[in-house]
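K.L.:
For reference, this is data12.cif, and it has mmCIF, C-alpha atoms.
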data_structure
#
loop_
_atom_site.label_atom_id
_atom_site.label_comp_id
_atom_site.auth_asym_id
_atom_site.auth_seq_id
_atom_site.Cartn_x
_atom_site.Cartn_y
_atom_site.Cartn_z
CA MET J 16 46.84 -73.55 -190.54
CA ASP J 17 47.62 -71.05 -187.85
CA ILE J 18 48.66 -72.38 -184.45
CA LYS J 19 49.47 -70.24 -181.42
CA VAL J 20 50.90 -71.34 -178.10
CA LEU J 21 49.97 -68.89 -175.34
CA GLY J 22 52.29 -68.72 -172.39
CA THR J 23 54.69 -66.40 -170.64
CA GLY J 24 57.63 -68.73 -171.15
CA CYS J 25 57.06 -71.34 -168.47
CA LYS J 26 58.44 -74.85 -168.91
CA LYS J 27 55.08 -76.31 -169.87
CA CYS J 28 54.58 -73.71 -172.59
CA ILE J 29 57.91 -74.53 -174.20
CA ALA J 30 57.11 -78.23 -173.95
CA LEU J 31 53.79 -77.67 -175.70
CA TYR J 32 55.46 -75.61 -178.43
CA ASN J 33 57.95 -78.39 -179.14
CA LEU J 34 55.23 -81.02 -179.05
CA ILE J 35 53.21 -79.14 -181.66
CA ASN J 36 56.18 -78.87 -183.96
CA GLU J 37 56.73 -82.61 -183.66
CA ALA J 38 53.06 -83.30 -184.26
CA ILE J 39 52.82 -81.25 -187.46
CA THR J 40 55.98 -82.85 -188.85
CA GLU J 41 54.54 -86.28 -188.14
CA LEU J 42 51.19 -85.36 -189.64
CA GLY J 43 53.01 -83.85 -192.60
CA ILE J 44 51.00 -80.63 -192.68
CA GLN J 45 51.88 -77.02 -193.27
CA ALA J 46 51.28 -74.80 -190.30
CA ASN J 47 52.46 -71.52 -188.93
CA VAL J 48 53.34 -72.15 -185.26
CA GLU J 49 53.82 -69.10 -183.14
CA LYS J 50 54.57 -68.45 -179.47
CA VAL J 51 52.52 -65.67 -177.88
CA GLU J 52 54.32 -64.48 -174.78
CA GLU J 53 52.84 -61.06 -174.20
CA ILE J 54 50.40 -61.17 -171.33
CA THR J 55 47.95 -58.63 -172.76
CA LYS J 56 47.61 -60.72 -175.91
CA ILE J 57 47.19 -63.94 -173.94
CA VAL J 58 44.27 -62.63 -171.91
CA GLN J 59 42.63 -61.23 -175.03
CA TYR J 60 41.98 -64.83 -175.95
CA GLY J 61 40.30 -65.31 -172.56
CA VAL J 62 42.98 -67.70 -171.36
CA MET J 63 43.80 -67.53 -167.64
CA LEU J 64 45.73 -70.74 -167.18
CA THR J 65 48.82 -71.17 -169.31
CA PRO J 66 49.78 -72.84 -171.56
CA GLY J 67 46.94 -72.12 -173.94
CA LEU J 68 46.50 -73.59 -177.39
CA VAL J 69 44.85 -71.58 -180.16
CA ILE J 70 44.25 -73.07 -183.60
CA ASN J 71 42.87 -70.89 -186.40
CA GLY J 72 41.79 -68.32 -183.84
CA LYS J 73 39.90 -70.80 -181.69
CA VAL J 74 40.97 -71.55 -178.11
CA LYS J 75 41.25 -75.33 -177.97
CA MET J 76 42.71 -75.82 -174.52
CA SER J 77 44.09 -73.98 -171.53
CA GLY J 78 46.06 -74.97 -168.48
CA LYS J 79 46.84 -78.57 -169.27
CA VAL J 80 49.85 -80.62 -170.19
CA LEU J 81 48.91 -82.37 -173.41
CA SER J 82 50.10 -85.64 -174.88
CA LYS J 83 51.15 -85.77 -178.51
CA ALA J 84 47.96 -87.69 -179.32
CA ASP J 85 45.86 -84.86 -177.81
CA VAL J 86 47.75 -82.28 -179.85
CA LYS J 87 47.19 -84.27 -183.05
CA LYS J 88 43.50 -84.62 -182.25
CA TYR J 89 43.12 -80.84 -181.80
CA ILE J 90 45.00 -80.16 -185.03
CA GLN J 91 42.91 -82.67 -186.99
CA GLU J 92 39.70 -81.16 -185.64
CA GLU J 93 40.64 -77.91 -187.35
CA MET J 94 41.86 -79.37 -190.62
CA MET Z 27 50.00 -102.62 -141.99
CA LEU Z 28 52.45 -99.95 -143.14
CA GLN Z 29 54.18 -100.13 -139.78
CA THR Z 30 54.55 -103.91 -140.10
CA PHE Z 31 56.12 -103.44 -143.51
CA ALA Z 32 58.49 -100.72 -142.25
CA ASP Z 33 59.44 -102.93 -139.28
CA TYR Z 34 60.08 -105.84 -141.61
CA VAL Z 35 62.33 -103.87 -143.97
CA ALA Z 36 64.28 -102.08 -141.24
CA TYR Z 37 64.70 -104.86 -138.69
CA THR Z 38 64.48 -108.10 -140.67
CA LEU Z 39 65.70 -107.21 -144.15
CA PHE Z 40 68.41 -104.74 -143.09
CA GLY Z 41 68.96 -106.50 -139.76
CA LEU Z 42 68.95 -103.25 -137.74
CA LEU Z 43 68.17 -103.21 -134.03
CA PRO Z 44 64.76 -101.66 -133.15
CA ASN Z 45 66.23 -99.70 -130.23
CA SER Z 46 69.28 -98.36 -132.11
CA HIS Z 47 69.42 -94.81 -133.49
CA LEU Z 48 69.97 -96.06 -137.02
CA GLY Z 49 67.15 -98.60 -136.75
CA ALA Z 50 64.70 -95.94 -135.54
CA ALA Z 51 65.76 -93.52 -138.28
CA VAL Z 52 65.49 -96.08 -141.10
CA ASN Z 53 62.14 -97.37 -139.86
CA PHE Z 54 60.78 -93.83 -139.59
CA PHE Z 55 62.02 -93.03 -143.09
CA ILE Z 56 60.41 -96.08 -144.73
CA TYR Z 57 57.13 -95.68 -142.90
CA ASP Z 58 56.78 -91.96 -143.62
CA THR Z 59 57.84 -92.16 -147.26
CA ILE Z 60 55.29 -94.82 -148.14
CA LYS Z 61 52.55 -93.13 -146.15
CA ILE Z 62 53.15 -89.70 -147.67
CA PHE Z 63 53.33 -90.98 -151.25
CA LEU Z 64 50.10 -92.95 -150.82
CA MET Z 65 48.40 -89.87 -149.38
CA LEU Z 66 49.77 -87.57 -152.07
CA ALA Z 67 48.55 -89.81 -154.89
CA THR Z 68 45.08 -90.39 -153.44
CA ILE Z 69 44.32 -86.89 -152.23
CA ILE Z 70 45.76 -84.99 -155.18
CA PHE Z 71 43.62 -87.20 -157.39
CA LEU Z 72 40.46 -86.35 -155.44
CA VAL Z 73 41.31 -82.65 -155.19
CA SER Z 74 41.95 -82.48 -158.93
CA LEU Z 75 38.60 -84.11 -159.64
CA ILE Z 76 36.91 -81.40 -157.58
CA ARG Z 77 39.04 -78.77 -159.28
CA SER Z 78 37.91 -79.83 -162.72
CA PHE Z 79 34.55 -78.29 -161.73
CA PHE Z 80 36.11 -74.94 -160.80
CA PRO Z 81 38.20 -73.58 -163.65
CA PRO Z 82 39.25 -69.95 -162.99
CA GLU Z 83 36.80 -68.81 -165.67
CA ARG Z 84 33.93 -70.05 -163.52
CA THR Z 85 35.43 -68.74 -160.27
CA LYS Z 86 35.75 -65.35 -161.95
CA LYS Z 87 32.05 -65.35 -162.85
CA ILE Z 88 31.04 -66.32 -159.32
CA LEU Z 89 33.10 -63.49 -157.82
CA SER Z 90 32.35 -60.83 -160.36
CA HIS Z 91 30.57 -57.79 -158.83
CA LYS Z 92 30.30 -59.51 -155.47
CA ARG Z 93 30.08 -57.24 -152.49
CA GLU Z 94 33.07 -57.00 -150.20
CA PHE Z 95 33.14 -59.24 -147.15
CA ILE Z 96 30.91 -61.93 -148.67
CA GLY Z 97 33.07 -61.69 -151.77
CA ASN Z 98 36.22 -62.00 -149.67
CA ILE Z 99 34.93 -65.08 -147.88
CA LEU Z 100 33.90 -66.72 -151.16
CA ALA Z 101 37.20 -65.81 -152.83
CA ALA Z 102 39.25 -67.27 -149.98
CA LEU Z 103 37.24 -70.51 -150.13
CA LEU Z 104 37.34 -70.72 -153.93
CA GLY Z 105 41.10 -70.18 -153.70
CA ILE Z 106 41.30 -73.67 -152.22
CA VAL Z 107 39.55 -75.41 -155.11
CA THR Z 108 40.57 -73.36 -158.14
CA PRO Z 109 43.69 -74.70 -159.85
CA PHE Z 110 46.39 -72.08 -159.72
CA CYS Z 111 50.12 -71.79 -160.12
CA SER Z 112 52.25 -68.70 -159.68
CA CYS Z 113 52.94 -68.65 -163.43
CA SER Z 114 49.21 -67.96 -163.95
CA ALA Z 115 48.95 -65.27 -161.27
CA VAL Z 116 49.04 -62.42 -163.80
CA PRO Z 117 46.39 -63.67 -166.26
CA VAL Z 118 44.18 -64.64 -163.31
CA PHE Z 119 44.62 -61.19 -161.75
CA ILE Z 120 43.82 -59.41 -165.02
CA GLY Z 121 40.86 -61.70 -165.66
CA PHE Z 122 39.39 -61.04 -162.23
CA VAL Z 123 39.84 -57.27 -162.30
CA GLU Z 124 38.57 -57.03 -165.86
CA SER Z 125 35.37 -58.89 -165.11
CA GLY Z 126 34.56 -56.64 -162.15
CA VAL Z 127 35.85 -58.64 -159.19
CA PRO Z 128 36.70 -55.99 -156.54
CA LEU Z 129 40.44 -55.55 -155.88
CA GLY Z 130 40.23 -56.68 -152.25
CA VAL Z 131 38.29 -59.80 -153.25
CA THR Z 132 40.90 -60.57 -155.91
CA PHE Z 133 43.59 -60.36 -153.24
CA SER Z 134 41.69 -62.72 -150.95
CA PHE Z 135 41.88 -65.24 -153.77
CA LEU Z 136 45.54 -64.55 -154.50
CA ILE Z 137 46.45 -65.07 -150.84
CA SER Z 138 44.40 -68.18 -150.19
CA SER Z 139 45.20 -70.01 -153.41
CA PRO Z 140 48.93 -70.63 -152.86
CA MET Z 141 48.70 -70.76 -149.06
CA VAL Z 142 46.04 -73.44 -148.80
CA ASN Z 143 47.61 -75.65 -151.47
CA GLU Z 144 46.98 -79.36 -151.65
CA VAL Z 145 50.55 -80.55 -151.25
CA ALA Z 146 51.08 -78.54 -148.08
CA LEU Z 147 47.76 -79.75 -146.69
CA ILE Z 148 48.43 -83.41 -147.37
CA MET Z 149 51.88 -83.21 -145.88
CA LEU Z 150 50.52 -81.45 -142.79
CA TRP Z 151 47.76 -84.00 -142.45
CA GLY Z 152 50.11 -86.94 -142.95
CA MET Z 153 52.79 -85.77 -140.56
CA PHE Z 154 50.96 -83.66 -137.97
CA GLY Z 155 47.46 -85.13 -138.07
CA TRP Z 156 44.14 -83.71 -139.20
CA LYS Z 157 43.77 -81.28 -136.30
CA ILE Z 158 46.80 -79.22 -137.22
CA ALA Z 159 45.94 -79.46 -140.92
CA THR Z 160 42.47 -78.07 -140.13
CA ILE Z 161 43.90 -75.28 -137.99
CA TYR Z 162 46.20 -74.44 -140.89
CA ILE Z 163 43.31 -74.26 -143.40
CA ALA Z 164 41.15 -72.19 -141.06
CA THR Z 165 43.91 -69.70 -140.27
CA GLY Z 166 45.01 -69.56 -143.92
CA VAL Z 167 41.48 -68.75 -145.08
CA THR Z 168 41.10 -66.18 -142.28
CA VAL Z 169 44.36 -64.45 -143.22
CA ALA Z 170 43.18 -64.37 -146.86
CA ILE Z 171 39.80 -62.86 -145.93
CA VAL Z 172 41.27 -60.24 -143.59
CA GLY Z 173 44.18 -59.41 -145.93
CA GLY Z 174 41.78 -58.88 -148.85
CA LEU Z 175 39.38 -56.84 -146.73
CA VAL Z 176 42.16 -54.52 -145.57
CA ILE Z 177 43.44 -54.02 -149.13
CA GLY Z 178 39.85 -53.36 -150.27
CA LYS Z 179 39.29 -50.77 -147.53
CA LEU Z 180 42.50 -48.94 -148.40
CA LYS Z 181 41.09 -48.14 -151.89
CA LEU Z 182 44.26 -48.90 -153.79
CA GLU Z 183 42.77 -49.33 -157.26
CA HIS Z 184 45.03 -46.54 -158.57
CA LEU Z 185 48.08 -48.61 -157.63
CA VAL Z 186 47.28 -51.28 -160.18
CA GLU Z 187 49.17 -50.77 -163.45
CA GLU Z 188 46.93 -48.72 -165.78
CA TYR Z 189 47.12 -51.09 -168.73
CA VAL Z 190 45.25 -53.73 -166.73
CA TYR Z 191 42.10 -51.59 -166.87
CA ASN Z 192 42.39 -51.15 -170.63
CA ILE Z 193 42.48 -54.81 -171.49
CA LYS Z 194 39.42 -56.28 -173.04
CA MET Z 195 39.46 -59.91 -172.14
CA GLY Z 196 38.16 -62.57 -174.47
CA GLU Z 197 35.60 -65.14 -173.49
CA ILE Z 198 36.28 -68.77 -173.99
CA GLU Z 199 33.53 -71.28 -174.15
CA LEU Z 200 34.23 -73.94 -171.64
CA ALA Z 201 33.63 -77.39 -172.96
CA VAL Z 202 31.67 -79.49 -170.50
CA LEU Z 203 34.00 -82.26 -169.47
CA THR Z 204 32.99 -85.88 -169.36
CA TRP Z 205 33.82 -87.93 -166.28
CA ARG Z 206 36.41 -89.75 -168.29
CA GLU Z 207 38.12 -86.45 -169.10
CA ARG Z 208 37.94 -85.35 -165.48
CA VAL Z 209 39.58 -88.58 -164.35
CA GLU Z 210 42.26 -88.18 -167.02
CA TYR Z 211 42.86 -84.59 -165.97
CA ALA Z 212 43.11 -85.60 -162.31
CA TRP Z 213 45.50 -88.42 -163.09
CA GLU Z 214 47.74 -86.19 -165.22
CA TYR Z 215 47.79 -83.72 -162.38
CA VAL Z 216 48.86 -86.39 -159.89
CA VAL Z 217 51.74 -87.47 -162.15
CA ASP Z 218 52.71 -83.85 -162.75
CA ILE Z 219 52.84 -82.97 -159.04
CA LEU Z 220 54.57 -86.17 -157.98
CA LYS Z 221 57.24 -85.61 -160.62
CA LYS Z 222 57.80 -82.16 -159.22
CA VAL Z 223 57.93 -83.01 -155.51
CA TRP Z 224 59.07 -86.61 -155.06
CA LEU Z 225 62.73 -85.79 -154.59
CA TYR Z 226 62.03 -83.02 -152.08
CA VAL Z 227 59.72 -85.30 -150.15
CA ILE Z 228 62.34 -88.05 -149.91
CA ILE Z 229 65.12 -85.65 -148.94
CA GLY Z 230 62.84 -83.97 -146.40
CA ILE Z 231 61.81 -87.26 -144.83
CA ALA Z 232 65.41 -88.51 -144.80
CA ILE Z 233 66.62 -85.40 -142.95
CA GLY Z 234 63.61 -85.62 -140.66
CA GLY Z 235 64.31 -89.30 -140.05
CA ALA Z 236 67.93 -88.64 -139.16
CA MET Z 237 66.98 -85.86 -136.75
CA HIS Z 238 64.24 -87.99 -135.26
CA GLY Z 239 66.74 -90.74 -134.51
CA TYR Z 240 69.68 -88.62 -133.36
CA ALA Z 241 68.74 -85.19 -131.98
CA PRO Z 242 67.78 -85.04 -128.29
CA ALA Z 243 64.08 -84.52 -127.59
CA ASP Z 244 64.24 -80.99 -126.19
CA PHE Z 245 66.89 -79.86 -128.65
CA LEU Z 246 64.93 -76.83 -129.90
CA VAL Z 247 62.94 -75.79 -126.86
CA LYS Z 248 65.42 -73.07 -126.01
CA TYR Z 249 65.64 -71.61 -129.53
CA ALA Z 250 62.24 -72.21 -131.09
CA GLY Z 251 60.04 -72.71 -128.04
CA LYS Z 252 57.24 -70.27 -127.28
CA ASP Z 253 59.32 -68.29 -124.80
CA ASN Z 254 61.65 -67.04 -127.47
CA LEU Z 255 59.86 -63.98 -128.89
CA PHE Z 256 62.19 -63.75 -131.88
CA ALA Z 257 61.38 -67.27 -133.03
CA VAL Z 258 58.23 -66.30 -134.99
CA PRO Z 259 59.65 -63.42 -137.07
CA LEU Z 260 62.83 -65.38 -137.61
CA ALA Z 261 60.86 -68.41 -138.83
CA VAL Z 262 58.98 -66.16 -141.29
CA LEU Z 263 62.25 -64.71 -142.55
CA ILE Z 264 63.72 -68.17 -143.09
CA GLY Z 265 60.50 -69.33 -144.76
CA VAL Z 266 60.42 -66.70 -147.51
CA PRO Z 267 63.22 -68.06 -149.73
CA LEU Z 268 62.02 -71.65 -149.32
CA TYR Z 269 59.00 -71.11 -151.59
CA SER Z 270 57.35 -74.00 -153.35
CA ASN Z 271 59.30 -76.56 -151.39
CA ALA Z 272 56.53 -77.15 -148.88
CA ALA Z 273 56.71 -80.85 -149.72
CA GLY Z 274 60.28 -81.20 -148.55
CA ILE Z 275 60.04 -78.80 -145.65
CA ILE Z 276 57.08 -80.23 -143.77
CA PRO Z 277 58.78 -83.51 -142.75
CA ILE Z 278 61.65 -81.47 -141.33
CA VAL Z 279 59.29 -79.08 -139.57
CA HIS Z 280 57.48 -82.05 -138.11
CA VAL Z 281 60.66 -83.20 -136.40
CA LEU Z 282 61.45 -79.62 -135.36
CA MET Z 283 58.12 -79.52 -133.56
CA GLU Z 284 58.80 -82.88 -131.95
CA LYS Z 285 62.06 -81.42 -130.65
CA GLY Z 286 60.43 -78.37 -129.12
CA MET Z 287 59.43 -75.82 -131.82
CA ALA Z 288 56.16 -74.15 -130.77
CA LEU Z 289 52.95 -74.63 -132.82
CA GLY Z 290 52.49 -70.95 -133.67
CA THR Z 291 56.06 -70.74 -134.91
CA VAL Z 292 55.46 -73.83 -137.05
CA LEU Z 293 52.29 -72.35 -138.59
CA ALA Z 294 53.93 -68.98 -139.27
CA PHE Z 295 56.87 -70.73 -140.89
CA MET Z 296 54.62 -72.83 -143.13
CA MET Z 297 52.60 -69.81 -144.20
CA ALA Z 298 55.73 -67.88 -145.04
CA VAL Z 299 56.95 -70.79 -147.15
CA THR Z 300 53.71 -71.12 -149.13
CA ALA Z 301 52.27 -67.60 -149.28
CA LEU Z 302 55.28 -65.29 -149.35
CA SER Z 303 56.90 -66.63 -152.47
CA LEU Z 304 59.57 -64.50 -154.08
CA PRO Z 305 58.94 -65.55 -157.72
CA GLU Z 306 55.24 -64.88 -157.32
CA MET Z 307 55.95 -61.37 -156.04
CA ILE Z 308 58.22 -60.72 -159.02
CA ILE Z 309 55.49 -61.95 -161.37
CA LEU Z 310 52.83 -59.82 -159.63
CA ARG Z 311 54.99 -56.73 -160.15
CA LYS Z 312 53.78 -56.85 -163.79
CA VAL Z 313 50.30 -55.81 -162.67
CA LEU Z 314 50.91 -54.06 -159.34
CA LYS Z 315 52.81 -50.84 -158.82
CA PRO Z 316 55.71 -51.23 -156.36
CA LYS Z 317 53.79 -49.47 -153.60
CA LEU Z 318 50.84 -51.89 -153.78
CA LEU Z 319 53.20 -54.84 -153.93
CA GLY Z 320 54.92 -53.48 -150.83
CA ILE Z 321 51.60 -53.02 -149.01
CA PHE Z 322 50.58 -56.57 -149.98
CA ILE Z 323 53.83 -58.07 -148.69
CA GLY Z 324 53.61 -55.93 -145.55
CA ILE Z 325 50.05 -57.00 -144.72
CA MET Z 326 50.90 -60.65 -145.31
CA THR Z 327 54.00 -60.49 -143.13
CA VAL Z 328 52.17 -58.80 -140.26
CA ALA Z 329 49.25 -61.25 -140.52
CA ILE Z 330 51.52 -64.31 -140.53
CA ILE Z 331 53.57 -63.10 -137.57
CA PHE Z 332 50.34 -62.33 -135.72
CA VAL Z 333 49.12 -65.90 -136.36
CA GLY Z 334 52.42 -67.21 -134.97
CA TYR Z 335 52.17 -65.24 -131.73
CA LEU Z 336 48.46 -65.96 -131.36
CA PHE Z 337 48.90 -69.73 -131.49
CA ASN Z 338 51.97 -69.68 -129.28
CA TRP Z 339 49.90 -67.74 -126.77
CA ILE Z 340 46.79 -69.98 -126.99
CA PHE Z 341 48.59 -73.32 -126.77
CA VAL Z 342 50.60 -73.03 -123.64
#
If you convert what's in this file into structure tokens, what do you get?
P.N.:
Amino acid sequence: MDIKVLGTGCKKCIALYNLINEAITELGIQANVEKVEEITKIVQYGVMLTPGLVINGKVKMSGKVLSKADVKKYIQEEM
Amino acid sequence: MLQTFADYVAYTLFGLLPNSHLGAAVNFFIYDTIKIFLMLATIIFLVSLIRSFFPPERTKKILSHKREFIGNILAALLGIVTPFCSCSAVPVFIGFVESGVPLGVTFSFLISSPMVNEVALIMLWGMFGWKIATIYIATGVTVAIVGGLVIGKLKLEHLVEEYVYNIKMGEIELAVLTWRERVEYAWEYVVDILKKVWLYVIIGIAIGGAMHGYAPADFLVKYAGKDNLFAVPLAVLIGVPLYSNAAGIIPIVHVLMEKGMALGTVLAFMMAVTALSLPEMIILRKVLKPKLLGIFIGIMTVAIIFVGYLFNWIFV
């Protein structure tokens, strides 16, 4: 699974990145989690509000602070 | 009811005298804190519900290829309801320009969005009353429209960093939210904002309370009254580094006005605090060449100072 966190390095983006790492450990799945900080790449996904969450190339969410349960739900949708 | 509670805590529970300085200050502090927090929670919740209908993707579509003037008016109004934080200024800017929103219209949005922000409005409403809050919205929107129009007329498209025009932006399909999700979103937003501002609000109200109780009533007339022509530019200058702390500053400004600061000076100060934010300017430098950034800051400064003088002149 390929997970990308889109964000220019704001607090919320780092929080989301950490949350995802926790979620995949708890779910016990293999995933490649990557931070995308370059603005040109972020907008290529169509995301205007950061943080954005992209799983397997699909934009799942933008501009919200997620709970761990939300993150798990999004990951499981793409499994 | 709130006043009864504040009276009870200050005079009965703490045993302070109603006509003492300390009693007045404590009472004022309790009353204002509870009132402001109640207002913040309720109104941010409602505003966020409305905002869940206006994600920037939709705002972008509404504004795309709009003619100037009408576009500027729409952009300034949508700036009020579209969720925005300075960390998203760059992607929003690129998104707008890429989808054919004229540069001046984009600027109207970028000016109005931080200036007419919900926290500042609630605080103004709670402390100064709805009339001043309305004046603030109306002038804020006007400054955004005029500022955007001027930038549009100057034809400064070449002063946007070239790479912005080469970006092909992706489309995301917006899921239609259920009411439950909207309510959840709004509630999360309330918690998020309150976490961010509660300390500033309390400190602001505490300082305001102390000044309310101790400083003489005409304390500031000489320095910040309407007869001092330097008061407005000075207020703007002081306001610039205080970005994003509107929540803590408004209670203090409220007492400053009570002690003689003129209305125009108050408005100019508030606008400088919310709209001329240093971190946002640094972020915008990623998409604007220095000259355009300079022009933008210049127009904003002139407009805000003008607003200050205008209101000091109208309300004699």
K.L.:
Starting from chain J, keep only residues with some atom at most 7 Å from an atom of chain Z, counting all atoms listed in the file, and report them as a PyMOL selection string.
P.N.:
chain J and resi 54-55+58-61+63-65+74
K.L.:
Could you jot down the CA of Ile29 (chain J) to CA of Val216 (chain Z) separation for me, Å, one decimal place?
P.N.:
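Separating CA of Ile29 (chain J) from CA of Val216 (chain Z) is a distance of 20.7 Å.
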K.L.:
Have a look at Z:Ala50, Z:Leu336, Z:Met141, Z:Ala32 and name the one nearest to Tyr240 (chain Z); count only C-alpha atoms.
P.N.:
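With only C-alpha atoms as the atom set, the closest residue is Z:Ala50.
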K.L.:
List the residues selected by the PyMOL selection byres ((chain J and resi 24) around 12) in the file shown, writing them as number ranges by chain.
P.N.:
J: 20-23, 25-32, 50-54, 57, 65-67; Z: 113-114
K.L.:
Kindly assemble as CSV a list of the region 138-208 of chain Z residues that lie within 12 Å of region 316-321 of chain Z, each paired with its nearest atom pair and their distance in Å to one decimal, using only C-alpha atoms, sorted first by chain and then by ascending residue number.
P.N.:
residue,atom,partner,partner_atom,distance
Z:Gly173,CA,Z:Ile321,CA,10.3
Z:Gly174,CA,Z:Ile321,CA,11.4
Z:Val176,CA,Z:Ile321,CA,10.2
Z:Ile177,CA,Z:Ile321,CA,8.2
Z:Gly178,CA,Z:Leu318,CA,11.6
Z:Leu180,CA,Z:Ile321,CA,10.0
Z:Lys181,CA,Z:Leu318,CA,10.6
Z:Leu182,CA,Z:Leu318,CA,7.2
Z:Glu183,CA,Z:Leu318,CA,9.2
Z:His184,CA,Z:Leu318,CA,9.2
Z:Leu185,CA,Z:Leu318,CA,5.8
Z:Val186,CA,Z:Leu318,CA,7.3
Z:Glu187,CA,Z:Pro316,CA,9.7
K.L.:
With a distance cut-off of 9 Å and only C-alpha atoms, select the neighbouring residues of Ala329 (chain Z), excluding the residue or stretch itself and same-chain residues fewer than 5 positions from it, and output the selection as a VMD selection string.
P.N.:
chain Z and resid 169 172 to 173 324 334
K.L.:
The selected residues should be written to file as a PDB file, in the frame of the given file (atoms: C-alpha atoms).
P.N.:
ATOM      1  CA  VAL Z 169      44.360 -64.450-143.220  1.00  0.00           C
ATOM      2  CA  VAL Z 172      41.270 -60.240-143.590  1.00  0.00           C
ATOM      3  CA  GLY Z 173      44.180 -59.410-145.930  1.00  0.00           C
ATOM      4  CA  GLY Z 324      53.610 -55.930-145.550  1.00  0.00           C
ATOM      5  CA  GLY Z 334      52.420 -67.210-134.970  1.00  0.00           C
TER       6      GLY Z 334
END
K.L.:
Have a look at CA of Asn71 (chain J) and CA of Asn47 (chain J) and let me know their distance in Å, one decimal.
P.N.:
9.9 Å
K.L.:
So which residues get picked by the PyMOL selection byres ((chain J and resi 83-94) around 8) here, written as a PyMOL selection string?
P.N.:
chain J and resi 16+34-35+38-39+42+70-71+75+81-82
K.L.:
Which residues are close to region 261-268 of chain Z, i.e. within 12 Å by only C-alpha atoms, leaving aside same-chain residues fewer than 2 positions away? Reply as a ChimeraX atom specification.
P.N.:
/Z:226,249-251,254-259,270-276,279,282,287-307,323,326-335
K.L.:
For a quick check of understanding, using all atoms listed in the file, which of Z:Ser112, Z:Thr168, Z:Thr132, Z:Ser78 has the smallest distance to Lys79 (chain J)?
P.N.:
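Once distances to Lys79 (chain J) are computed over all atoms listed in the file, the minimum belongs to Z:Ser78.
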K.L.:
Report the distance between CA of Leu72 (chain Z) and CA of Val145 (chain Z) in Å, rounded to one decimal place.
P.N.:
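Distance between the two atoms: 12.4 Å.
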K.L.:
Just want the 10 Å neighbourhood of Ile106 (chain Z), counted on all atoms listed in the file, with same-chain residues fewer than 6 positions away dropped. Output as a tab-separated table (two decimals) with C-alpha atoms, keeping the file's coordinate frame.
P.N.:
chain	number	residue	atom	x	y	z
Z	73	VAL	CA	41.31	-82.65	-155.19
Z	77	ARG	CA	39.04	-78.77	-159.28
Z	135	PHE	CA	41.88	-65.24	-153.77
Z	138	SER	CA	44.40	-68.18	-150.19
Z	139	SER	CA	45.20	-70.01	-153.41
Z	140	PRO	CA	48.93	-70.63	-152.86
Z	141	MET	CA	48.70	-70.76	-149.06
Z	142	VAL	CA	46.04	-73.44	-148.80
Z	143	ASN	CA	47.61	-75.65	-151.47
Z	144	GLU	CA	46.98	-79.36	-151.65
Z	163	ILE	CA	43.31	-74.26	-143.40
Z	166	GLY	CA	45.01	-69.56	-143.92
Z	167	VAL	CA	41.48	-68.75	-145.08
K.L.:
Taking all atoms listed in the file into account, name the residue in Z:Ile158, Z:Ala51, Z:Leu136, Z:Val127 that is nearest to His238 (chain Z).
P.N.:
Z:Ala51
